[in-house]
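Raw my_file.cif, mmCIF, C-alpha atoms and all ligand atoms:
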```cif
data_my_file
#
loop_
_atom_site.label_atom_id
_atom_site.label_comp_id
_atom_site.auth_asym_id
_atom_site.auth_seq_id
_atom_site.Cartn_x
_atom_site.Cartn_y
_atom_site.Cartn_z
CA VAL A 9 29.17 -13.25 -7.70
CA ASP A 10 29.79 -15.73 -4.87
CA SER A 11 31.68 -13.13 -2.88
CA LEU A 12 28.57 -10.95 -2.86
CA GLN A 13 26.62 -12.79 -0.19
CA PHE A 14 24.18 -10.75 1.88
CA PRO A 15 22.30 -11.70 5.05
CA PRO A 16 19.19 -13.85 4.66
CA GLY A 17 16.13 -11.68 4.14
CA PHE A 18 18.08 -8.82 2.55
CA ARG A 19 15.76 -7.19 -0.01
CA TRP A 20 16.81 -6.68 -3.63
CA GLY A 21 15.14 -4.35 -6.05
CA VAL A 22 15.22 -1.93 -8.94
CA ALA A 23 13.99 1.67 -8.97
CA THR A 24 12.35 3.99 -11.52
CA SER A 25 10.27 7.17 -11.47
CA ALA A 26 7.06 8.06 -13.28
CA PHE A 27 8.17 11.02 -15.38
CA GLN A 28 11.33 9.28 -16.48
CA ILE A 29 9.63 6.17 -17.88
CA GLU A 30 5.85 6.47 -18.25
CA GLY A 31 5.39 8.71 -21.30
CA ALA A 32 1.70 9.02 -22.28
CA THR A 33 1.76 12.45 -20.68
CA ARG A 34 -1.62 13.41 -22.15
CA ALA A 35 -3.34 10.05 -21.69
CA GLY A 36 -6.09 9.25 -19.22
CA GLY A 37 -6.74 12.77 -18.04
CA ARG A 38 -3.20 13.45 -16.77
CA GLY A 39 -2.55 17.15 -16.19
CA PRO A 40 0.68 19.01 -16.99
CA SER A 41 3.56 18.93 -14.54
CA ILE A 42 6.47 21.29 -14.08
CA TRP A 43 8.61 18.84 -16.06
CA ASP A 44 6.25 18.99 -19.05
CA THR A 45 6.58 22.77 -18.95
CA PHE A 46 10.35 22.62 -18.47
CA THR A 47 10.95 20.15 -21.32
CA ALA A 48 8.80 22.32 -23.61
CA THR A 49 10.93 25.39 -22.83
CA PRO A 50 13.72 25.84 -25.40
CA GLY A 51 17.22 25.54 -24.00
CA ARG A 52 16.33 23.72 -20.80
CA VAL A 53 16.97 20.09 -21.73
CA ALA A 54 19.85 18.69 -23.81
CA GLY A 55 18.83 18.18 -27.42
CA GLY A 56 15.37 19.57 -26.72
CA ALA A 57 14.35 16.16 -25.39
CA HIS A 58 10.91 15.72 -23.82
CA ALA A 59 9.25 12.78 -22.09
CA ASP A 60 5.96 12.59 -23.99
CA VAL A 61 6.84 8.99 -24.89
CA ALA A 62 9.95 8.26 -22.76
CA THR A 63 10.03 4.44 -22.49
CA ASP A 64 6.23 4.19 -22.95
CA HIS A 65 6.02 2.27 -19.69
CA PHE A 66 2.41 3.48 -19.33
CA HIS A 67 1.51 1.06 -22.12
CA ARG A 68 4.33 -1.48 -21.66
CA TYR A 69 4.20 -1.93 -17.88
CA ALA A 70 3.31 -5.63 -18.18
CA GLU A 71 6.44 -6.31 -20.25
CA ASP A 72 8.49 -4.33 -17.72
CA VAL A 73 7.10 -6.32 -14.80
CA ARG A 74 8.01 -9.53 -16.68
CA LEU A 75 11.57 -8.25 -17.01
CA MET A 76 11.69 -7.70 -13.25
CA ALA A 77 10.22 -11.11 -12.53
CA ASP A 78 12.83 -12.79 -14.75
CA LEU A 79 15.51 -10.74 -13.03
CA GLY A 80 14.34 -12.14 -9.71
CA VAL A 81 13.97 -8.95 -7.64
CA ASP A 82 11.99 -8.94 -4.41
CA GLU A 83 10.80 -5.34 -4.69
CA TYR A 84 10.13 -2.62 -7.23
CA ARG A 85 10.45 1.05 -6.33
CA PHE A 86 8.35 3.22 -8.67
CA SER A 87 6.63 6.58 -8.32
CA PHE A 88 3.04 7.68 -8.67
CA ALA A 89 2.56 10.66 -10.99
CA TRP A 90 0.72 13.30 -8.99
CA PRO A 91 -0.69 14.92 -12.18
CA ARG A 92 -2.29 11.59 -13.13
CA ILE A 93 -3.99 11.30 -9.74
CA GLN A 94 -4.92 14.98 -9.36
CA PRO A 95 -4.51 16.71 -12.73
CA THR A 96 -4.62 20.18 -11.19
CA GLY A 97 -2.95 19.23 -7.91
CA LYS A 98 -6.13 19.36 -5.85
CA GLY A 99 -9.64 18.00 -5.63
CA ILE A 100 -11.26 14.70 -6.46
CA PRO A 101 -8.98 12.02 -7.88
CA ASN A 102 -8.88 11.13 -11.55
CA GLY A 103 -10.21 7.58 -11.94
CA ASP A 104 -8.17 6.82 -15.05
CA GLY A 105 -4.98 7.77 -13.23
CA LEU A 106 -5.77 5.55 -10.25
CA ALA A 107 -6.69 2.74 -12.63
CA PHE A 108 -3.24 2.75 -14.21
CA TYR A 109 -1.62 2.10 -10.83
CA ASP A 110 -4.25 -0.57 -10.09
CA ARG A 111 -3.09 -2.37 -13.21
CA LEU A 112 0.58 -1.97 -12.35
CA LEU A 113 0.09 -3.18 -8.76
CA ASP A 114 -1.99 -6.16 -9.91
CA GLU A 115 0.76 -7.14 -12.32
CA LEU A 116 3.42 -6.83 -9.60
CA HIS A 117 1.40 -8.92 -7.17
CA ALA A 118 0.85 -11.61 -9.78
CA ALA A 119 4.63 -11.67 -10.28
CA GLY A 120 5.33 -11.86 -6.55
CA ILE A 121 7.15 -8.51 -6.48
CA GLU A 122 6.54 -6.14 -3.55
CA PRO A 123 5.73 -2.58 -4.62
CA VAL A 124 7.58 0.33 -2.99
CA GLY A 125 5.68 3.49 -3.88
CA THR A 126 7.20 6.98 -4.03
CA LEU A 127 4.52 9.67 -3.96
CA TYR A 128 6.58 12.45 -5.46
CA HIS A 129 9.52 12.17 -7.82
CA TRP A 130 9.59 15.80 -9.01
CA ASP A 131 6.52 15.97 -11.29
CA LEU A 132 4.64 18.74 -9.46
CA PRO A 133 1.26 19.58 -11.05
CA GLN A 134 1.86 22.84 -12.95
CA PRO A 135 -1.09 24.69 -11.33
CA LEU A 136 0.58 24.20 -7.94
CA GLU A 137 3.81 25.70 -9.26
CA ASP A 138 1.78 28.63 -10.61
CA ALA A 139 0.51 29.12 -7.04
CA GLY A 140 4.06 29.24 -5.65
CA GLY A 141 5.22 25.63 -5.87
CA TRP A 142 7.45 24.47 -3.03
CA LEU A 143 8.00 28.09 -1.98
CA ALA A 144 4.37 28.06 -0.80
CA ARG A 145 3.31 26.48 2.45
CA ASP A 146 -0.02 25.49 0.92
CA THR A 147 1.74 22.98 -1.36
CA ALA A 148 2.45 20.88 1.74
CA ALA A 149 -1.28 20.80 2.55
CA ARG A 150 -2.08 19.81 -1.04
CA PHE A 151 0.49 17.02 -0.76
CA ALA A 152 -1.15 15.66 2.40
CA GLU A 153 -4.47 15.49 0.55
CA TYR A 154 -2.80 13.64 -2.34
CA ALA A 155 -1.13 11.22 0.11
CA ALA A 156 -4.49 10.43 1.70
CA ILE A 157 -6.00 9.64 -1.71
CA LEU A 158 -3.21 7.21 -2.53
CA ALA A 159 -3.26 5.53 0.85
CA GLU A 160 -7.02 5.06 0.83
CA ARG A 161 -6.82 3.35 -2.52
CA PHE A 162 -3.53 1.43 -2.26
CA ALA A 163 -2.53 1.02 1.41
CA ASP A 164 -3.19 -2.72 1.35
CA ARG A 165 -1.12 -3.28 -1.79
CA VAL A 166 1.99 -1.13 -1.35
CA ALA A 167 4.60 -2.69 0.92
CA ARG A 168 6.60 0.46 1.64
CA TRP A 169 5.91 4.15 1.12
CA ILE A 170 8.30 7.01 0.32
CA PRO A 171 6.59 10.42 0.41
CA LEU A 172 9.19 12.59 -1.39
CA ASN A 173 12.24 11.61 -3.38
CA GLU A 174 15.35 13.69 -2.62
CA PRO A 175 14.05 17.05 -1.44
CA MET A 176 17.66 18.28 -1.71
CA VAL A 177 17.59 17.93 -5.47
CA THR A 178 14.34 19.86 -5.77
CA THR A 179 15.71 22.64 -3.57
CA VAL A 180 19.19 22.85 -5.08
CA TYR A 181 18.66 21.90 -8.73
CA GLY A 182 15.05 23.04 -9.07
CA TYR A 183 14.97 26.30 -7.11
CA ALA A 184 18.57 27.33 -6.25
CA ILE A 185 20.47 26.85 -9.53
CA GLY A 186 17.64 26.21 -11.99
CA GLU A 187 19.09 23.20 -13.76
CA TYR A 188 15.89 21.21 -13.13
CA ALA A 189 12.23 22.20 -13.17
CA PRO A 190 10.84 24.64 -12.26
CA GLY A 191 14.14 26.28 -13.30
CA LYS A 192 14.44 29.00 -10.66
CA ALA A 193 17.88 30.35 -9.69
CA LEU A 194 17.23 31.75 -6.21
CA LEU A 195 20.47 30.47 -4.61
CA LEU A 196 19.98 30.46 -0.82
CA GLY A 197 16.55 32.02 -1.36
CA ALA A 198 15.51 28.49 -2.35
CA LEU A 199 15.83 27.14 1.19
CA PRO A 200 12.16 27.65 2.15
CA THR A 201 11.44 24.89 -0.39
CA ALA A 202 13.40 22.46 1.78
CA HIS A 203 11.24 23.31 4.77
CA PHE A 204 7.94 23.07 2.94
CA GLN A 205 8.96 19.73 1.45
CA HIS A 206 9.81 18.50 4.95
CA LEU A 207 6.42 19.69 6.17
CA ALA A 208 4.78 17.91 3.21
CA HIS A 209 6.69 14.78 4.17
CA GLY A 210 5.55 14.90 7.80
CA LEU A 211 1.92 15.60 6.93
CA ALA A 212 2.01 12.79 4.37
CA VAL A 213 3.47 10.33 6.87
CA ARG A 214 0.48 11.03 9.13
CA ALA A 215 -2.03 10.85 6.28
CA LEU A 216 -0.57 7.59 5.00
CA ARG A 217 -0.65 5.96 8.42
CA ALA A 218 -4.15 7.26 9.15
CA ALA A 219 -5.35 5.46 6.02
CA GLY A 220 -3.63 2.20 6.89
CA ALA A 221 -0.16 2.37 5.34
CA ARG A 222 2.05 0.00 7.30
CA CYS A 223 5.61 0.93 6.44
CA VAL A 224 6.57 4.54 5.77
CA GLY A 225 10.04 6.01 5.23
CA THR A 226 11.82 8.50 3.02
CA ALA A 227 14.51 8.65 0.30
CA ASN A 228 17.28 11.21 0.66
CA HIS A 229 20.19 11.89 -1.64
CA HIS A 230 23.46 11.69 0.29
CA SER A 231 27.04 12.52 -0.64
CA PRO A 232 30.09 12.37 1.58
CA VAL A 233 31.60 15.87 1.41
CA TRP A 234 35.38 16.17 1.43
CA PRO A 235 37.41 19.37 1.88
CA ALA A 236 39.82 20.10 -1.00
CA THR A 237 42.52 20.94 1.57
CA GLU A 238 42.61 21.09 5.36
CA ALA A 239 41.91 24.84 5.16
CA ASP A 240 38.68 24.16 3.29
CA ARG A 241 37.06 22.25 6.14
CA PRO A 242 34.62 25.05 7.10
CA ALA A 243 33.47 25.28 3.47
CA ALA A 244 33.04 21.50 3.36
CA ASP A 245 30.94 21.66 6.54
CA ARG A 246 28.66 24.24 4.93
CA LEU A 247 28.25 22.14 1.79
CA ASP A 248 27.61 19.09 3.98
CA ALA A 249 24.86 21.03 5.75
CA LEU A 250 23.35 22.06 2.43
CA VAL A 251 23.31 18.65 0.75
CA ASN A 252 23.03 16.25 3.69
CA ARG A 253 22.15 17.57 7.14
CA LEU A 254 19.45 20.07 6.08
CA TYR A 255 17.44 17.08 4.83
CA ALA A 256 18.28 14.33 7.31
CA ASP A 257 18.33 16.31 10.59
CA PRO A 258 14.76 17.66 10.55
CA VAL A 259 13.31 14.26 9.68
CA LEU A 260 15.47 12.16 12.01
CA LEU A 261 16.29 14.55 14.85
CA GLY A 262 13.49 17.11 14.70
CA SER A 263 16.01 19.95 14.38
CA TYR A 264 17.88 21.89 11.73
CA PRO A 265 21.66 22.17 11.57
CA ASP A 266 22.90 25.61 12.68
CA GLU A 267 23.98 26.63 9.19
CA PHE A 268 21.45 28.46 7.02
CA THR A 269 18.55 28.70 9.51
CA GLU A 270 18.25 32.44 8.74
CA HIS A 271 17.04 31.41 5.26
CA LEU A 272 14.17 29.24 6.54
CA PRO A 273 10.58 30.53 6.72
CA ALA A 274 9.55 32.36 9.90
CA GLY A 275 8.13 30.05 12.55
CA PHE A 276 9.79 26.97 11.06
CA ALA A 277 10.46 25.48 14.49
CA ASP A 278 6.72 24.98 15.10
CA ASP A 279 6.63 22.46 12.26
CA LEU A 280 9.48 20.30 13.50
CA PRO A 281 7.35 17.87 15.55
CA THR A 282 5.27 17.16 12.43
CA ILE A 283 8.38 16.78 10.28
CA ALA A 284 10.00 14.34 12.71
CA GLU A 285 7.25 11.69 12.74
CA PRO A 286 9.11 8.43 13.47
CA LEU A 287 9.85 6.43 10.31
CA ASP A 288 9.97 2.71 9.63
CA PHE A 289 12.96 2.97 7.33
CA TYR A 290 15.40 5.51 5.90
CA GLY A 291 16.20 5.45 2.17
CA VAL A 292 19.64 6.51 0.97
CA ASN A 293 20.31 7.37 -2.68
CA TYR A 294 24.05 7.29 -3.33
CA TYR A 295 25.90 8.26 -6.49
CA GLU A 296 29.11 10.14 -5.70
CA PRO A 297 31.00 12.24 -3.12
CA GLN A 298 31.55 16.01 -3.39
CA VAL A 299 34.68 18.09 -2.82
CA ALA A 300 34.34 21.62 -1.45
CA ALA A 301 36.73 24.56 -1.21
CA SER A 302 36.45 28.04 0.33
CA PRO A 303 34.59 30.45 -1.92
CA GLY A 304 36.50 32.91 -4.07
CA ALA A 305 35.81 36.64 -3.91
CA GLY A 306 32.39 37.56 -5.24
CA ASN A 307 30.93 34.04 -4.89
CA PRO A 308 27.42 34.42 -3.49
CA LEU A 309 27.66 30.93 -1.95
CA PRO A 310 29.73 30.05 1.12
CA PHE A 311 31.66 27.27 -0.67
CA GLU A 312 32.86 26.24 -4.11
CA LEU A 313 32.71 22.82 -5.71
CA ARG A 314 35.91 21.17 -6.90
CA PRO A 315 36.22 18.11 -9.12
CA VAL A 316 36.67 14.76 -7.38
CA GLU A 317 40.04 13.65 -8.71
CA GLY A 318 41.83 10.33 -9.00
CA HIS A 319 38.83 8.11 -9.70
CA PRO A 320 37.41 6.56 -12.87
CA MET A 321 34.34 8.28 -14.31
CA THR A 322 30.94 7.16 -15.50
CA GLY A 323 29.84 8.04 -19.02
CA ASN A 324 28.23 11.23 -17.78
CA GLY A 325 31.25 12.41 -15.83
CA SER A 326 30.47 11.25 -12.29
CA PRO A 327 33.43 9.96 -10.30
CA ILE A 328 33.12 6.28 -9.37
CA VAL A 329 33.85 6.04 -5.64
CA PRO A 330 32.40 2.84 -4.15
CA ASP A 331 34.00 3.44 -0.77
CA GLY A 332 31.93 6.63 -0.51
CA LEU A 333 28.93 4.40 0.11
CA ARG A 334 30.65 2.67 3.03
CA GLU A 335 31.87 6.01 4.41
CA LEU A 336 28.40 7.49 4.12
CA LEU A 337 26.64 4.61 5.88
CA VAL A 338 29.16 4.56 8.70
CA SER A 339 28.89 8.33 9.18
CA LEU A 340 25.07 8.27 9.13
CA ARG A 341 25.18 5.70 11.89
CA GLU A 342 27.65 7.79 13.88
CA ARG A 343 25.67 11.01 13.49
CA TYR A 344 22.15 9.70 14.03
CA GLY A 345 22.66 6.62 16.21
CA ALA A 346 19.40 5.23 17.53
CA ALA A 347 17.46 7.93 15.64
CA LEU A 348 18.34 6.21 12.36
CA PRO A 349 15.83 3.51 11.44
CA PRO A 350 16.85 0.55 9.24
CA VAL A 351 18.37 1.80 5.99
CA TYR A 352 17.55 0.82 2.41
CA ILE A 353 19.76 1.90 -0.47
CA THR A 354 16.84 3.25 -2.48
CA GLU A 355 19.03 4.21 -5.48
CA ASN A 356 22.54 3.45 -6.72
CA GLY A 357 23.66 3.19 -10.31
CA CYS A 358 25.56 4.73 -13.20
CA GLY A 359 25.00 6.25 -16.63
CA PHE A 360 26.90 5.26 -19.77
CA ALA A 361 26.28 5.56 -23.51
CA ASP A 362 25.41 1.86 -23.83
CA GLU A 363 24.74 0.51 -27.33
CA VAL A 364 23.37 -2.71 -28.72
CA ALA A 365 26.35 -4.58 -30.23
CA PRO A 366 26.24 -6.34 -33.61
CA ASP A 367 25.77 -9.65 -31.75
CA GLY A 368 22.52 -8.27 -30.27
CA GLY A 369 23.85 -7.95 -26.70
CA VAL A 370 24.68 -4.87 -24.62
CA HIS A 371 28.11 -5.40 -23.10
CA ASP A 372 28.08 -2.91 -20.24
CA HIS A 373 31.00 -4.25 -18.27
CA ALA A 374 31.62 -0.88 -16.68
CA ARG A 375 28.18 -1.10 -15.04
CA ILE A 376 28.93 -4.60 -13.73
CA ASP A 377 32.15 -3.23 -12.20
CA PHE A 378 30.27 -0.28 -10.73
CA LEU A 379 27.60 -2.45 -9.12
CA ALA A 380 30.01 -5.14 -7.91
CA THR A 381 32.34 -2.64 -6.25
CA HIS A 382 29.44 -0.76 -4.64
CA LEU A 383 27.93 -3.99 -3.33
CA ARG A 384 31.30 -4.90 -1.82
CA ALA A 385 31.44 -1.48 -0.14
CA LEU A 386 27.91 -2.03 1.14
CA ARG A 387 28.93 -5.45 2.48
CA GLU A 388 31.80 -3.75 4.34
CA ALA A 389 29.38 -1.22 5.81
CA LEU A 390 27.20 -4.07 7.06
CA ASP A 391 30.24 -5.75 8.56
CA ALA A 392 31.03 -2.45 10.30
CA GLY A 393 27.58 -2.51 11.89
CA ALA A 394 25.38 -0.50 9.50
CA ASP A 395 21.79 -1.76 9.58
CA VAL A 396 21.01 -1.91 5.85
CA ARG A 397 18.09 -4.10 4.82
CA GLY A 398 17.89 -3.70 1.06
CA TYR A 399 19.44 -2.36 -2.15
CA TYR A 400 17.73 -1.07 -5.30
CA VAL A 401 19.59 -0.49 -8.55
CA TRP A 402 18.85 2.74 -10.36
CA SER A 403 17.46 1.85 -12.81
CA LEU A 404 15.47 -0.99 -14.37
CA LEU A 405 15.34 0.77 -17.74
CA ASP A 406 17.27 3.40 -19.63
CA ASN A 407 15.11 6.50 -19.25
CA PHE A 408 14.70 10.27 -19.40
CA GLU A 409 17.64 11.61 -17.40
CA TRP A 410 16.20 15.06 -16.65
CA SER A 411 18.18 17.99 -18.07
CA LYS A 412 20.59 15.57 -19.77
CA GLY A 413 17.84 14.06 -21.91
CA TYR A 414 18.31 10.47 -23.07
CA ALA A 415 22.10 10.34 -23.53
CA PRO A 416 23.13 8.88 -20.15
CA ARG A 417 21.68 5.37 -19.95
CA PHE A 418 21.21 4.09 -16.38
CA GLY A 419 19.25 0.89 -17.08
CA LEU A 420 19.96 -2.78 -16.52
CA VAL A 421 17.75 -2.99 -19.61
CA HIS A 422 18.55 -1.04 -22.78
CA VAL A 423 15.71 0.87 -24.44
CA ASP A 424 15.82 1.64 -28.17
CA TYR A 425 13.97 4.95 -28.22
CA ALA A 426 13.01 4.56 -31.91
CA THR A 427 11.32 1.16 -31.50
CA LEU A 428 10.92 1.06 -27.69
CA ARG A 429 12.41 -2.42 -27.79
CA ARG A 430 13.86 -3.58 -24.46
CA THR A 431 17.18 -5.49 -24.46
CA PRO A 432 18.55 -6.80 -21.15
CA LYS A 433 22.18 -5.74 -20.82
CA ASP A 434 25.01 -7.95 -19.57
CA SER A 435 24.59 -6.21 -16.19
CA TYR A 436 21.00 -7.51 -16.04
CA HIS A 437 22.22 -11.09 -16.42
CA TRP A 438 25.01 -10.49 -13.92
CA PHE A 439 22.60 -9.00 -11.35
CA ARG A 440 20.27 -11.96 -11.85
CA ASP A 441 23.18 -14.27 -11.00
CA VAL A 442 23.93 -12.21 -7.87
CA LEU A 443 20.31 -12.61 -6.75
CA ARG A 444 20.27 -16.34 -7.50
CA ALA A 445 23.46 -16.80 -5.48
CA GLN A 446 21.84 -15.40 -2.32
CA ALA A 447 21.05 -17.99 0.35
C1 LIG B 501 17.55 10.63 -8.30
C2 LIG B 501 17.06 10.64 -9.39
C3 LIG B 501 17.00 9.84 -10.56
C4 LIG B 501 18.14 10.04 -11.48
C5 LIG B 501 19.35 9.32 -10.98
C6 LIG B 501 20.50 9.36 -11.93
O1 LIG B 501 16.54 10.25 -7.49
O2 LIG B 501 18.61 11.15 -8.06
O3 LIG B 501 16.00 10.13 -8.71
O4 LIG B 501 15.79 10.30 -11.06
O5 LIG B 501 17.78 9.55 -12.73
O6 LIG B 501 19.75 9.90 -9.80
O7 LIG B 501 21.00 10.65 -12.03
#
```

Would you give me this structure, written as structure tokens?
Amino acid sequence: VDSLQFPPGFRWGVATSAFQIEGATRAGGRGPSIWDTFTATPGRVAGGAHADVATDHFHRYAEDVRLMADLGVDEYRFSFAWPRIQPTGKGIPNGDGLAFYDRLLDELHAAGIEPVGTLYHWDLPQPLEDAGGWLARDTAARFAEYAAILAERFADRVARWIPLNEPMVTTVYGYAIGEYAPGKALLLGALPTAHFQHLAHGLAVRALRAAGARCVGTANHHSPVWPATEADRPAADRLDALVNRLYADPVLLGSYPDEFTEHLPAGFADDLPTIAEPLDFYGVNYYEPQVAASPGAGNPLPFELRPVEGHPMTGNGSPIVPDGLRELLVSLRERYGAALPPVYITENGCGFADEVAPDGGVHDHARIDFLATHLRALREALDAGADVRGYYVWSLLDNFEWSKGYAPRFGLVHVDYATLRRTPKDSYHWFRDVLRAQA
């Protein structure tokens, strides 16, 4: 761990999201979200898993904050559940929902951990989906109202704000291919959802600041995109536009990349000044690179995905490519220059089928390798001039991994879903040593 020294003041954290850990989906007046609907639809989620209980964090948050305090993190990135705050997605806030986050924030403050609040990690109130979801411009206005409610209540107690987590995933997985809620398969017809999420982001940045939020950023999913062969470069550029530039350019540059603009809603350019509100930080979620090839005949998309070869794999089949993080950070700096605010790695982690061993421990050495090699790549990016101020492991706890159910375990802490018992894994103890070794 001694080789993993970061600059003084570098911020260390762990990340989670509401739907993946909270459970208690019917408690305290919470309304249904698109993920409650999706998990209740046969065939959508592996093993028919739902998140009605998940890790029961809603009731066990104090134990979870203790785990973070013992780990020694500076910050905790969590998300507010919109359907707890506004059960139908509009109108006066639900006091019981606000009260849960009061309790969580109080606990974090008592433990000396700075809260980083995401407003939206994919749990759209179902009534808003019924009214068009992210294909409807009005959803952005609803989101601004929700952001104002949160900021008025919590601005003084949340250190950093992230309006939307990974709009790319909502657009691509939620509306283009239908692997995630709301399960629509519109292919490029999904692209208006990117624009309306960007508009929601910009309106929320303004609403948050108007109500006193001090530090506002975003969290985008990024993947380096590599061509399968030299001839596949144009296809790789199109995939790069679709997974990276369509989400970073509007927010950072106030423009869209040239690819795909014919699929955006009419008049989109008028919204760009709102979308490009200056940010205090830029969150990068990194898991893996992508390889693209030219599309075969009859493919409705202008590229095809190819497997990333020659690298070890996580337990859920993702290639482990630590240098992709360095490559990504260097290329973000090259592309955006002075338009890129200080970066935080708002998610990085890996899923394996971790088990409690007969000796009572969880010996997840593959996760230690994953984190150590990614931290070294991050260190190299810093040495190459990338301005990265913090790093959050995804995730504190094993949790509900969306359409894959509970099989891939991403936590530093193992959760036994039958008893809800938490067991810190070897990676938890290793990460604690990394944090203790910082100057
Ligand atoms: C993400 C997702 C997480 C996933 C993680 C692992 O923001 O991509 O936020 O919810 O659990 O990425 O796949």

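Minimum atom-to-atom distance to Asp64 of chain A, evaluated using all atoms listed in the file, belongs to A:Tyr425 out of A:Ala347, A:His437, A:Ala385, A:Tyr425.
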
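Between atom CA of Trp142 of chain A and atom CA of Leu127 of chain A the separation is 15.1 Å.
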
Item to check | Selected residue, from A:Asn102, A:Thr178, A:Thr126, A:Gln446, that lies nearest to Ala159 of chain A when counting only C-alpha atoms | outcome: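 The shortest atom-to-atom distance to Ala159 of chain A comes from A:Thr126.
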
Checklist entry - Between atom CA of Glu137 of chain A and atom CA of Phe162 of chain A, what is the distance, to one decimal in Å? => result 26.3 Å

Could you list, with a cut-off of 6 Å and counting only C-alpha atoms, the residues of segment 315-409 of chain A near segment 285-296 of chain A, each shown with its nearest atom pair and the distance in Å rounded to one decimal, rows sorted by chain and ascending number, as JSON lines?
```
{"residue": "A:Pro349", "atom": "CA", "partner": "A:Phe289", "partner_atom": "CA", "distance": 5.0}
{"residue": "A:Pro350", "atom": "CA", "partner": "A:Phe289", "partner_atom": "CA", "distance": 5.0}
{"residue": "A:Val351", "atom": "CA", "partner": "A:Tyr290", "partner_atom": "CA", "distance": 4.8}
{"residue": "A:Tyr352", "atom": "CA", "partner": "A:Gly291", "partner_atom": "CA", "distance": 4.8}
{"residue": "A:Ile353", "atom": "CA", "partner": "A:Val292", "partner_atom": "CA", "distance": 4.8}
{"residue": "A:Thr354", "atom": "CA", "partner": "A:Gly291", "partner_atom": "CA", "distance": 5.2}
{"residue": "A:Glu355", "atom": "CA", "partner": "A:Asn293", "partner_atom": "CA", "distance": 4.4}
{"residue": "A:Asn356", "atom": "CA", "partner": "A:Tyr294", "partner_atom": "CA", "distance": 5.3}
```

Item to check | A:Arg150, A:Lys98, A:His422, A:Arg85 ranked by distance to ligand LIG 501 (chain B), top pick (using all atoms listed in the file) | outcome: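 Selected residue with least distance to ligand LIG 501 (chain B): A:Arg85.
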
Item to check | At most 10 Å from ligand LIG 501 (chain B) (all atoms listed in the file): residue list as a PyMOL selection string | outcome: chain A and resi 23-28+129-130+172-178+227-230+292-295+324+326+354-359+402-403+406-412+416-419

Next on the checklist: My list of candidates is A:Gly37, A:Gly141, A:Gly262, A:Gly220. Which is closest to Tyr344 of chain A when distances are computed with only C-alpha atoms?
Outcome noted: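 Ranked by minimum distance to Tyr344 of chain A, first place goes to A:Gly262.
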
Item to check | Residues within 12 Å of (40.4, 14.2, -10.2), file coords, only C-alpha atoms, listed as a list of chain:residue names | outcome: A:Ala236, A:Pro297, A:Gln298, A:Val299, A:Arg314, A:Pro315, A:Val316, A:Glu317, A:Gly318, A:His319, A:Pro320, A:Met321, A:Gly325, A:Ser326, A:Pro327, A:Ile328, A:Val329

Item to check | Residue neighbourhood Pro281 of chain A, 10 Å, only C-alpha atoms, exclusion window fewer than 6 positions, as a list in words | outcome: Leu207, Gly210, Pro258, Val259, Leu261, Gly262 and Ser263 of chain A

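Shortest separation to Val81 of chain A among A:Ala54, A:Ala119, A:Val213, A:Ala249 occurs at residue A:Ala119, atoms counted being all atoms listed in the file.
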
Item to check | Among listed residues A:Trp169, A:Tyr414, A:Tyr399, A:Phe204, nearest Arg217 of chain A (using only C-alpha atoms) | outcome: A:Trp169

Checklist entry - Near Leu390 of chain A, within 10 Å and counting all atoms listed in the file, which residues show up once chain neighbours fewer than 4 positions away are dropped, as JSON, numbers by chain? => result {"A": [14, 15, 334, 337, 338, 384, 385, 386, 394, 395, 396, 397]}

Item to check | Straight-line distance linking atom CA of Ala35 of chain A with atom CA of Leu216 of chain A, stated in Å to one decimal | outcome: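 For atom CA of Ala35 of chain A relative to atom CA of Leu216 of chain A, the distance reads 26.9 Å.
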
Item to check | For segment 440-445 of chain A: contacts at 10 Å, only C-alpha atoms, fewer than 5 positions along chain excluded, given as an MDAnalysis selection string | outcome: chainID A and resid 9:14 19:21 76 78:82 380 434:435

Item to check | Contacts of Asp60 of chain A within 7 Å, all atoms listed in the file, excl. fewer than 2 positions in-chain, as a PyMOL selection string | outcome: chain A and resi 31-33+58+62

Checklist entry - So which residues are close to (19.6, 27.6, 1.8), meaning at most 10 Å away in the file's coordinates with all atoms listed in the file counted, and can you show them as a list of chain:residue names? => result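 Counting all atoms listed in the file, I find these residues within 10 Å of (19.6, 27.6, 1.8): A:Thr179, A:Val180, A:Ala184, A:Leu194, A:Leu195, A:Leu196, A:Gly197, A:Ala198, A:Leu199, A:Pro200, A:Thr201, A:Ala202, A:His203, A:Ala249, A:Leu250, A:Val251, A:Leu254, A:Glu267, A:Phe268, A:Thr269, A:Glu270, A:His271, A:Leu272, A:Leu309.
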